[in-house]
Every structure is written in structure tokens, then in C-alpha cells.
$ cat protein-v4.cif   # mmCIF, C-alpha atoms
data_query
loop_
_atom_site.label_atom_id
_atom_site.label_comp_id
_atom_site.auth_asym_id
_atom_site.auth_seq_id
_atom_site.Cartn_x
_atom_site.Cartn_y
_atom_site.Cartn_z
CA MET A 62 -24.68 -62.70 1.06
CA ILE A 63 -21.73 -61.72 -1.14
CA ASP A 64 -22.24 -61.38 -4.90
CA LEU A 65 -19.25 -60.34 -7.00
CA HIS A 66 -20.72 -60.46 -10.51
CA SER A 67 -23.55 -58.30 -11.86
CA HIS A 68 -24.38 -56.10 -14.85
CA THR A 69 -26.32 -52.83 -15.15
CA THR A 70 -27.54 -50.65 -18.01
CA ALA A 71 -23.98 -49.28 -18.20
CA SER A 72 -23.29 -52.39 -20.27
CA ASP A 73 -25.83 -55.11 -21.12
CA GLY A 74 -27.95 -55.31 -17.98
CA GLN A 75 -31.65 -54.49 -17.63
CA TYR A 76 -31.56 -52.22 -14.57
CA ALA A 77 -29.94 -48.86 -13.89
CA PRO A 78 -27.16 -49.05 -11.26
CA ALA A 79 -29.21 -47.59 -8.38
CA ASP A 80 -32.20 -49.84 -9.13
CA GLN A 81 -29.96 -52.87 -9.34
CA VAL A 82 -28.39 -52.18 -5.94
CA ALA A 83 -31.89 -51.90 -4.47
CA LEU A 84 -32.86 -55.26 -6.00
CA ALA A 85 -29.75 -56.88 -4.58
CA ALA A 86 -30.39 -55.41 -1.13
CA ARG A 87 -33.97 -56.75 -1.14
CA ALA A 88 -32.60 -60.20 -2.00
CA GLY A 89 -30.32 -60.11 1.04
CA VAL A 90 -27.05 -59.20 -0.67
CA ALA A 91 -24.78 -57.35 1.76
CA VAL A 92 -21.71 -57.09 -0.50
CA LEU A 93 -22.20 -56.46 -4.21
CA SER A 94 -19.83 -55.88 -7.11
CA VAL A 95 -21.02 -54.18 -10.28
CA THR A 96 -18.91 -55.67 -13.08
CA ASP A 97 -20.15 -54.19 -16.33
CA HIS A 98 -18.53 -55.26 -19.58
CA ASP A 99 -15.45 -53.17 -20.41
CA THR A 100 -16.69 -50.10 -18.53
CA VAL A 101 -16.91 -48.63 -15.02
CA ASP A 102 -19.54 -46.04 -15.95
CA GLY A 103 -22.12 -47.48 -13.56
CA ILE A 104 -19.91 -47.50 -10.48
CA ALA A 105 -20.52 -43.95 -9.25
CA ALA A 106 -24.32 -44.23 -9.19
CA ALA A 107 -24.16 -47.73 -7.70
CA THR A 108 -21.85 -46.52 -4.93
CA VAL A 109 -24.24 -43.72 -3.92
CA ALA A 110 -27.19 -46.12 -3.85
CA ALA A 111 -25.22 -48.72 -1.90
CA LYS A 112 -24.28 -46.24 0.82
CA ALA A 113 -27.91 -45.25 1.27
CA LEU A 114 -28.98 -48.90 1.58
CA GLY A 115 -26.12 -50.15 3.76
CA VAL A 116 -24.69 -52.38 1.03
CA ARG A 117 -20.94 -52.61 0.51
CA LEU A 118 -20.24 -51.84 -3.16
CA ILE A 119 -17.05 -53.26 -4.62
CA PRO A 120 -16.15 -51.45 -7.86
CA GLY A 121 -15.59 -53.88 -10.68
CA ILE A 122 -15.37 -54.51 -14.40
CA GLU A 123 -15.58 -57.53 -16.71
CA ILE A 124 -12.99 -57.50 -19.48
CA SER A 125 -13.46 -59.68 -22.54
CA ILE A 126 -10.41 -61.53 -23.79
CA ILE A 127 -9.62 -63.82 -26.70
CA HIS A 128 -7.86 -67.09 -25.90
CA ASN A 129 -7.46 -69.99 -28.33
CA ARG A 130 -9.84 -68.21 -30.74
CA ARG A 131 -12.73 -67.94 -28.30
CA GLU A 132 -14.04 -65.25 -26.02
CA LEU A 133 -13.48 -65.53 -22.26
CA HIS A 134 -14.08 -63.02 -19.48
CA VAL A 135 -11.89 -61.73 -16.66
CA LEU A 136 -13.51 -59.98 -13.70
CA GLY A 137 -11.72 -57.09 -12.05
CA HIS A 138 -12.63 -56.36 -8.42
CA PHE A 139 -11.59 -53.47 -6.17
CA VAL A 140 -10.53 -51.48 -9.23
CA ASP A 141 -10.10 -47.71 -9.09
CA PRO A 142 -12.99 -46.44 -11.28
CA THR A 143 -11.12 -43.17 -11.90
CA ASN A 144 -8.13 -44.96 -13.44
CA GLU A 145 -7.34 -43.25 -16.75
CA GLU A 146 -6.17 -46.44 -18.43
CA LEU A 147 -9.49 -48.15 -17.69
CA ALA A 148 -11.26 -45.12 -19.19
CA ARG A 149 -9.17 -45.32 -22.37
CA HIS A 150 -9.91 -49.04 -22.61
CA ALA A 151 -13.65 -48.31 -22.43
CA VAL A 152 -13.46 -45.65 -25.17
CA ALA A 153 -11.52 -47.95 -27.50
CA LEU A 154 -13.90 -50.83 -26.91
CA LYS A 155 -17.00 -48.69 -27.56
CA ALA A 156 -15.82 -47.87 -31.09
CA GLU A 157 -14.95 -51.52 -31.67
CA ARG A 158 -18.36 -52.61 -30.37
CA ASP A 159 -20.18 -50.31 -32.83
CA ASP A 160 -18.23 -51.72 -35.79
CA ARG A 161 -18.77 -55.26 -34.57
CA MET A 162 -22.52 -54.72 -34.22
CA ARG A 163 -22.82 -53.41 -37.79
CA GLU A 164 -21.05 -56.53 -39.07
CA MET A 165 -23.31 -58.79 -36.99
CA LEU A 166 -26.37 -57.09 -38.49
CA ARG A 167 -24.94 -57.57 -42.00
CA LEU A 168 -24.44 -61.28 -41.35
CA LEU A 169 -27.96 -61.66 -39.97
CA ALA A 170 -29.32 -60.10 -43.15
CA THR A 171 -27.60 -62.83 -45.20
CA VAL A 172 -30.00 -65.33 -43.61
CA ASN A 173 -32.99 -63.00 -44.10
CA VAL A 174 -33.10 -61.79 -40.49
CA HIS A 175 -33.33 -58.01 -40.51
CA VAL A 176 -32.64 -55.71 -37.57
CA SER A 177 -31.48 -52.11 -37.97
CA PHE A 178 -28.61 -50.48 -36.14
CA ASP A 179 -31.03 -47.88 -34.77
CA GLU A 180 -33.24 -50.63 -33.33
CA VAL A 181 -30.28 -52.04 -31.42
CA LEU A 182 -29.31 -48.54 -30.26
CA ALA A 183 -32.82 -48.07 -28.88
CA VAL A 184 -32.55 -51.26 -26.85
CA ALA A 185 -29.08 -50.34 -25.57
CA ASP A 186 -30.33 -46.89 -24.48
CA GLY A 187 -26.86 -45.35 -24.47
CA ALA A 188 -24.91 -48.36 -23.17
CA PRO A 189 -21.96 -49.77 -25.14
CA LEU A 190 -23.40 -52.17 -27.71
CA ALA A 191 -23.25 -55.87 -26.89
CA ARG A 192 -24.76 -59.11 -28.13
CA PRO A 193 -27.53 -59.13 -25.50
CA HIS A 194 -28.81 -55.83 -26.91
CA LEU A 195 -29.14 -57.42 -30.35
CA ALA A 196 -30.73 -60.48 -28.75
CA ARG A 197 -33.33 -58.29 -27.06
CA ALA A 198 -34.02 -56.51 -30.35
CA LEU A 199 -34.62 -59.91 -31.97
CA VAL A 200 -37.08 -60.78 -29.20
CA GLU A 201 -38.86 -57.41 -29.43
CA LYS A 202 -39.30 -57.94 -33.19
CA ARG A 203 -40.60 -61.47 -32.47
CA LEU A 204 -37.82 -62.99 -34.52
CA CYS A 205 -36.82 -65.05 -31.48
CA GLY A 206 -38.78 -66.18 -28.46
CA SER A 207 -36.08 -65.41 -25.89
CA VAL A 208 -32.59 -64.02 -25.47
CA ARG A 209 -31.28 -67.57 -25.04
CA GLU A 210 -32.88 -68.62 -28.33
CA ALA A 211 -31.26 -65.64 -30.07
CA PHE A 212 -27.84 -66.76 -28.88
CA ASP A 213 -28.50 -70.41 -29.69
CA ARG A 214 -29.67 -69.63 -33.24
CA TYR A 215 -27.67 -66.59 -34.30
CA LEU A 216 -25.35 -64.88 -31.83
CA GLY A 217 -23.42 -67.53 -29.91
CA ASP A 218 -19.84 -68.47 -30.65
CA GLY A 219 -19.66 -70.11 -34.06
CA LYS A 220 -23.21 -69.11 -35.08
CA VAL A 221 -24.08 -67.28 -38.27
CA SER A 222 -23.71 -63.72 -36.96
CA HIS A 223 -20.97 -64.19 -34.41
CA VAL A 224 -18.08 -61.78 -34.95
CA MET A 225 -14.81 -62.14 -33.06
CA ARG A 226 -13.85 -59.25 -30.80
CA ARG A 227 -10.63 -57.25 -30.95
CA GLU A 228 -8.00 -59.52 -29.43
CA VAL A 229 -7.13 -58.72 -25.83
CA THR A 230 -4.98 -61.39 -24.20
CA ALA A 231 -5.48 -62.72 -20.70
CA GLU A 232 -2.09 -61.35 -19.72
CA ALA A 233 -2.99 -57.85 -20.98
CA ALA A 234 -6.38 -57.85 -19.23
CA ILE A 235 -4.90 -59.06 -15.93
CA ALA A 236 -2.15 -56.46 -16.12
CA LEU A 237 -4.66 -53.69 -16.85
CA ILE A 238 -6.75 -54.68 -13.83
CA HIS A 239 -3.67 -54.82 -11.63
CA ARG A 240 -2.57 -51.36 -12.78
CA ALA A 241 -6.03 -50.14 -11.74
CA ARG A 242 -5.25 -51.56 -8.25
CA GLY A 243 -7.69 -54.44 -8.62
CA THR A 244 -7.74 -58.22 -8.51
CA ALA A 245 -8.32 -60.44 -11.57
CA THR A 246 -10.70 -63.43 -11.52
CA LEU A 247 -11.61 -65.76 -14.36
CA ALA A 248 -15.39 -65.64 -14.83
CA HIS A 249 -17.73 -68.65 -15.25
CA PRO A 250 -15.16 -71.24 -16.37
CA GLY A 251 -17.91 -73.84 -16.78
CA PRO A 252 -19.97 -72.31 -19.61
CA SER A 253 -16.74 -70.97 -21.09
CA LYS A 254 -15.42 -74.55 -21.29
CA VAL A 255 -12.09 -73.63 -19.73
CA ASN A 256 -9.73 -76.49 -18.94
CA ARG A 257 -7.24 -76.78 -16.10
CA LEU A 258 -4.21 -76.15 -18.30
CA GLU A 259 -5.69 -72.82 -19.39
CA VAL A 260 -6.34 -71.80 -15.78
CA GLU A 261 -2.74 -72.74 -14.96
CA THR A 262 -1.58 -70.52 -17.83
CA PHE A 263 -3.62 -67.60 -16.53
CA ALA A 264 -2.37 -68.16 -12.98
CA LYS A 265 1.21 -67.88 -14.22
CA VAL A 266 0.51 -64.39 -15.59
CA GLY A 267 -1.11 -63.11 -12.41
CA LEU A 268 -4.68 -64.40 -12.12
CA ASP A 269 -5.91 -63.95 -8.55
CA GLY A 270 -9.24 -65.77 -8.44
CA LEU A 271 -11.53 -68.33 -10.04
CA GLU A 272 -15.30 -67.91 -10.08
CA ILE A 273 -16.63 -71.08 -8.51
CA GLY A 274 -20.11 -70.12 -7.31
CA HIS A 275 -22.14 -69.44 -10.47
CA LEU A 276 -25.68 -70.48 -11.32
CA ASP A 277 -24.41 -72.28 -14.44
CA HIS A 278 -22.07 -74.47 -12.35
CA PRO A 279 -23.63 -77.66 -10.95
CA PRO A 280 -22.27 -78.87 -7.57
CA SER A 281 -19.89 -81.41 -9.12
CA GLN A 282 -18.36 -78.74 -11.34
CA GLN A 283 -18.03 -76.34 -8.43
CA GLU A 284 -16.11 -78.97 -6.51
CA LYS A 285 -13.76 -79.49 -9.47
CA PHE A 286 -13.12 -75.75 -9.73
CA ARG A 287 -12.57 -75.52 -5.99
CA THR A 288 -9.83 -78.15 -6.32
CA TRP A 289 -8.24 -76.21 -9.17
CA ALA A 290 -8.32 -73.01 -7.12
CA ARG A 291 -6.73 -74.70 -4.12
CA ASP A 292 -4.00 -76.34 -6.18
CA LEU A 293 -3.19 -73.14 -8.08
CA LYS A 294 -3.45 -70.86 -5.04
CA LEU A 295 -6.37 -68.91 -6.46
CA VAL A 296 -9.20 -67.39 -4.42
CA GLY A 297 -12.62 -68.92 -5.07
CA THR A 298 -15.34 -66.35 -5.74
CA ALA A 299 -19.08 -66.36 -6.38
CA GLY A 300 -21.49 -64.23 -8.37
CA SER A 301 -24.97 -64.41 -9.80
CA ASP A 302 -23.96 -62.85 -13.14
CA PHE A 303 -27.20 -60.90 -12.77
CA HIS A 304 -28.48 -59.11 -15.90
CA GLY A 305 -32.21 -58.86 -15.16
CA GLU A 306 -35.12 -61.21 -15.82
CA LYS A 307 -35.66 -60.03 -19.41
CA ILE A 308 -32.11 -61.02 -20.32
CA ALA A 309 -31.14 -63.91 -18.04
CA PRO A 310 -34.20 -64.98 -16.02
CA ASP A 311 -32.36 -67.85 -14.34
CA ARG A 312 -29.64 -65.62 -12.84
CA GLN A 313 -31.10 -63.98 -9.77
CA PHE A 314 -29.67 -62.28 -6.71
CA GLY A 315 -29.61 -64.27 -3.50
CA ARG A 316 -28.88 -67.68 -4.99
CA VAL A 317 -25.08 -67.81 -4.75
CA THR A 318 -22.61 -66.50 -2.21
CA MET A 319 -19.09 -66.89 -0.89
CA SER A 320 -17.56 -66.64 2.56
CA ALA A 321 -16.31 -63.47 4.24
CA ASP A 322 -12.91 -65.19 4.56
CA GLU A 323 -12.75 -65.70 0.77
CA LEU A 324 -13.66 -62.06 0.21
CA ALA A 325 -10.92 -60.96 2.61
CA ALA A 326 -8.42 -63.23 0.86
CA LEU A 327 -9.31 -61.71 -2.48
CA GLU A 328 -9.07 -58.17 -1.16
CA ALA A 329 -5.65 -58.96 0.33
CA ARG A 330 -4.41 -59.63 -3.19
CA ARG A 331 -5.39 -56.23 -4.59
CA HIS A 332 -2.57 -54.27 -6.15
#
$ encode --input "protein-v4.cif" --output "C-alpha cells"
Amino acid sequence: MIDLHSHTTASDGQYAPADQVALAARAGVAVLSVTDHDTVDGIAAATVAAKALGVRLIPGIEISIIHNRRELHVLGHFVDPTNEELARHAVALKAERDDRMREMLRLLATVNVHVSFDEVLAVADGAPLARPHLARALVEKRLCGSVREAFDRYLGDGKVSHVMRREVTAEAAIALIHRARGTATLAHPGPSKVNRLEVETFAKVGLDGLEIGHLDHPPSQQEKFRTWARDLKLVGTAGSDFHGEKIAPDRQFGRVTMSADELAALEARRH
């Protein structure tokens, strides 16, 4: 099995990189990409664990972009984790994430929902702050019953405490990934409500792939995205978007995959 989308404690996942690789291996994953949000900090530990378990580890990242006033995500695969520009991007985003989290907490307080910055830091345990950390804090304080409920009520796009991220364009994110010798793939176009014209726009500025196999994509939607990929000469990819059962219980290893030929086609497009 080939899984090109997963998150560790280096960003907003539940498991440390080595533990996550072990979970993937037990689920039958032979090729895994760790694609933490805006950081490659988990790659080194994941690579060591993967070698010990006979798993091929593809270094990755997931970069958040703003397009038409909403947040979308671009996956970078085969990136060089020692690339200095990627490191600078991570440092800049960490500071922005801290400021964004404080504003989200302020907005929550306006509707009488109170979580402290330190409580979110404790959940994050050193990882760059992200909405799932706040969602888990809300669950731990029994202010929400689940991470999904926290997003539906407070944290999702357009909800009371949603704060827009610093604007990074698709073109800038794709170029950054390419300069790090990677390939750029648009993540989960289904839940992100991406239309074909937008994918065409991204393809014109260098997009390499389109994530087709995702647990939030029903078969009919996967077929539509496969047609888009074929027409736009993009490589179709697949990934569980694994975060851990406490965060996303429906996204498990071993439930989506892609072909070895598709993986080879993606790798052939690396820069």
C-alpha cells in the first residue's frame, strides 16, 4: 500500500513520527509520506524508523494557501528536508500561528467559551499551533464532544473563531516546493470544494498532482477527479490524511492506496 498523506506530532497529529511509521507498517503500508503542516521537523525521525521497518519514507510537507478567500492545502512530496527556504518558511509560519491562535481564543471568549493559550500549548506539546490543537483542548475541557464538533461549531471556515491565515498563494507554494526539489499536489479537493477551473489555474502555475484517493472522497467524486487529472496531465495520488484516532477517527492507514506506476509518474516530475 502507498499512502502519501499523514501527520505527526511535528504538526497536528497524535503520534510521534517513529510511532506513526510503526502504525502504518502494521496496517500494511509499504510507502509512506509524512506531510506535516508547514514543517519538515518530523522527517528525520520518521526516516530512521522507516529504515528499521522496511518502509519507504517519502519526505513531504503540506503547505497552507489562501485562494479566493479560503484556505486550501498543497502537498509537497520528495522534498529536500534540509532545504533552507523550507526551514525559513516553517519559522515564519510558527510566529504567525501563535498570533493566530491568540486571536482565535479571543474570539471564542466573545461567545463565553474560554480556553487559555497555555492549555492549547499543553495539547500541542511543542508542535506548531494549529486548529486541531485548540479543538482537542475544547474536547479535553468538555466544551465539545469531539474534534469534528469543535470545527463545526467554532473553528471551521466562517465560524465564530475562524481567523484567516497569512496569505500564501498557490503559485508561491508550488514554487517553494519545486525549489526544494519536490512535487506539488493539491490535497483533498473534495472537502475543500475546489472546482475544475481552480485546478486548471493551479496546473498552469506548475501543479504536478491531484489527490484522488482520500477517505472523504466517495467513488463518484474520485472518478470526477480522475478525469480532471487525466485532462490536465496531473498525476493522481492517494493518502489517508492520517492524524490519529483522537483527532480524525475515520482516517486510518490501510484504507486508501495508489498504484506503483502513479508513484513513479509523480517521482519523475520532481524538480
$ closest_residue --input "protein-v4.cif" --among "A:Ala79, A:Val140, A:Ala233, A:Cys205" --to "Arg331 in chain A" --atoms "all atoms listed in the file"
A:Val140
$ closest_residue --input "protein-v4.cif" --among "A:Thr298, A:Thr100, A:Thr288, A:Ser67" --to "Lys155 in chain A" --atoms "all atoms listed in the file"
A:Thr100
$ closest_residue --input "protein-v4.cif" --among "A:Ala107, A:Leu168, A:Ala196, A:Ala290" --to "Val208 in chain A" --atoms "all atoms listed in the file"
A:Ala196
$ resolve_selection --input "protein-v4.cif" --expression "the PyMOL selection byres ((chain A and resi 257) around 10)" --output "list in words"
Pro250, Lys254, Val255, Asn256, Leu258, Glu259, Val260, Glu261, Thr262, Phe263, Lys285, Phe286, Trp289, Ala290 and Leu293 of chain A
$ resolve_selection --input "protein-v4.cif" --expression "the PyMOL selection byres ((chain A and resi 136) around 7)" --output "list in words"
Thr96, Ile122, Glu123, Ile124, His134, Val135, Gly137, His138, Ala245, Thr246, Leu247 and Ala248 of chain A
$ write_last_selection --input "protein-v4.cif" --atoms "C-alpha atoms" --output "PDB file, in the frame of the given file"
ATOM      1  CA  THR A  96     -18.910 -55.670 -13.080  1.00  0.00           C
ATOM      2  CA  ILE A 122     -15.370 -54.510 -14.400  1.00  0.00           C
ATOM      3  CA  GLU A 123     -15.580 -57.530 -16.710  1.00  0.00           C
ATOM      4  CA  ILE A 124     -12.990 -57.500 -19.480  1.00  0.00           C
ATOM      5  CA  HIS A 134     -14.080 -63.020 -19.480  1.00  0.00           C
ATOM      6  CA  VAL A 135     -11.890 -61.730 -16.660  1.00  0.00           C
ATOM      7  CA  GLY A 137     -11.720 -57.090 -12.050  1.00  0.00           C
ATOM      8  CA  HIS A 138     -12.630 -56.360  -8.420  1.00  0.00           C
ATOM      9  CA  ALA A 245      -8.320 -60.440 -11.570  1.00  0.00           C
ATOM     10  CA  THR A 246     -10.700 -63.430 -11.520  1.00  0.00           C
ATOM     11  CA  LEU A 247     -11.610 -65.760 -14.360  1.00  0.00           C
ATOM     12  CA  ALA A 248     -15.390 -65.640 -14.830  1.00  0.00           C
TER      13      ALA A 248
END
$ atom_distance --input "protein-v4.cif" --atom1 "CA of Ile273 in chain A" --atom2 "CA of Arg130 in chain A"
23.4 Å
$ residues_around --input "protein-v4.cif" --residues "Leu199 in chain A" --least-positions-apart "2" --cutoff "10 Å" --atoms "all atoms listed in the file" --output "list in words"
Val174, His175, Val176, Glu180, Val181, Pro193, His194, Leu195, Ala196, Arg197, Glu201, Lys202, Arg203, Leu204, Cys205, Gly206, Ser207, Val208, Glu210, Ala211 and Tyr215 of chain A
$ closest_atom_pairs --input "protein-v4.cif" --of "range 99-207 of chain A" --to "range 80-87 of chain A" --cutoff "8 Å" --atoms "only C-alpha atoms" --output "tab-separated table"
residue	atom	partner	partner_atom	distance
A:Ala107	CA	A:Val82	CA	6.4
A:Ala110	CA	A:Val82	CA	6.5
A:Ala111	CA	A:Val82	CA	6.2
A:Leu114	CA	A:Ala86	CA	7.2
A:Val116	CA	A:Ala86	CA	6.8
$ resolve_selection --input "protein-v4.cif" --expression "the PyMOL selection byres ((chain A and resi 69) around 9)" --output "VMD selection string"
chain A and resid 67 to 68 70 to 78 80 to 81 95 to 97 103 303 to 305
$ closest_residue --input "protein-v4.cif" --among "A:Val92, A:Ala264, A:Leu147, A:Val317" --to "Lys294 in chain A" --atoms "all atoms listed in the file"
A:Ala264
$ atom_distance --input "protein-v4.cif" --atom1 "CA of Val101 in chain A" --atom2 "CA of Val200 in chain A"
27.5 Å
$ residues_around --input "protein-v4.cif" --residues "His223 in chain A" --least-positions-apart "5" --cutoff "9 Å" --atoms "all atoms listed in the file" --output "PyMOL selection string"
chain A and resi 164-165+168+192+215-218
$ closest_residue --input "protein-v4.cif" --among "A:Leu118, A:Arg227, A:Val221, A:His275" --to "Asp159 in chain A" --atoms "only C-alpha atoms"
A:Arg227
$ atom_distance --input "protein-v4.cif" --atom1 "CA of Glu306 in chain A" --atom2 "CA of Arg209 in chain A"
11.8 Å
$ closest_residue --input "protein-v4.cif" --among "A:Leu169, A:Leu65, A:Val296, A:Ala231" --to "Lys265 in chain A" --atoms "all atoms listed in the file"
A:Ala231
$ residues_around --input "protein-v4.cif" --residues "Ala326 in chain A" --least-positions-apart "6" --cutoff "10 Å" --atoms "only C-alpha atoms" --output "number ranges by chain"
A: 269-270, 295-297, 320
$ write_last_selection --input "protein-v4.cif" --atoms "C-alpha atoms" --output "short mmCIF file (atom, residue, chain, number, x, y, z; two decimals), in the coordinates of the input"
data_model
loop_
_atom_site.label_atom_id
_atom_site.label_comp_id
_atom_site.auth_asym_id
_atom_site.auth_seq_id
_atom_site.Cartn_x
_atom_site.Cartn_y
_atom_site.Cartn_z
CA ASP A 269 -5.91 -63.95 -8.55
CA GLY A 270 -9.24 -65.77 -8.44
CA LEU A 295 -6.37 -68.91 -6.46
CA VAL A 296 -9.20 -67.39 -4.42
CA GLY A 297 -12.62 -68.92 -5.07
CA SER A 320 -17.56 -66.64 2.56
#
$ residues_around --input "protein-v4.cif" --residues "His66 in chain A" --least-positions-apart "5" --cutoff "6 Å" --atoms "all atoms listed in the file" --output "JSON, numbers by chain"
{"A": [94, 96, 300, 301, 302]}
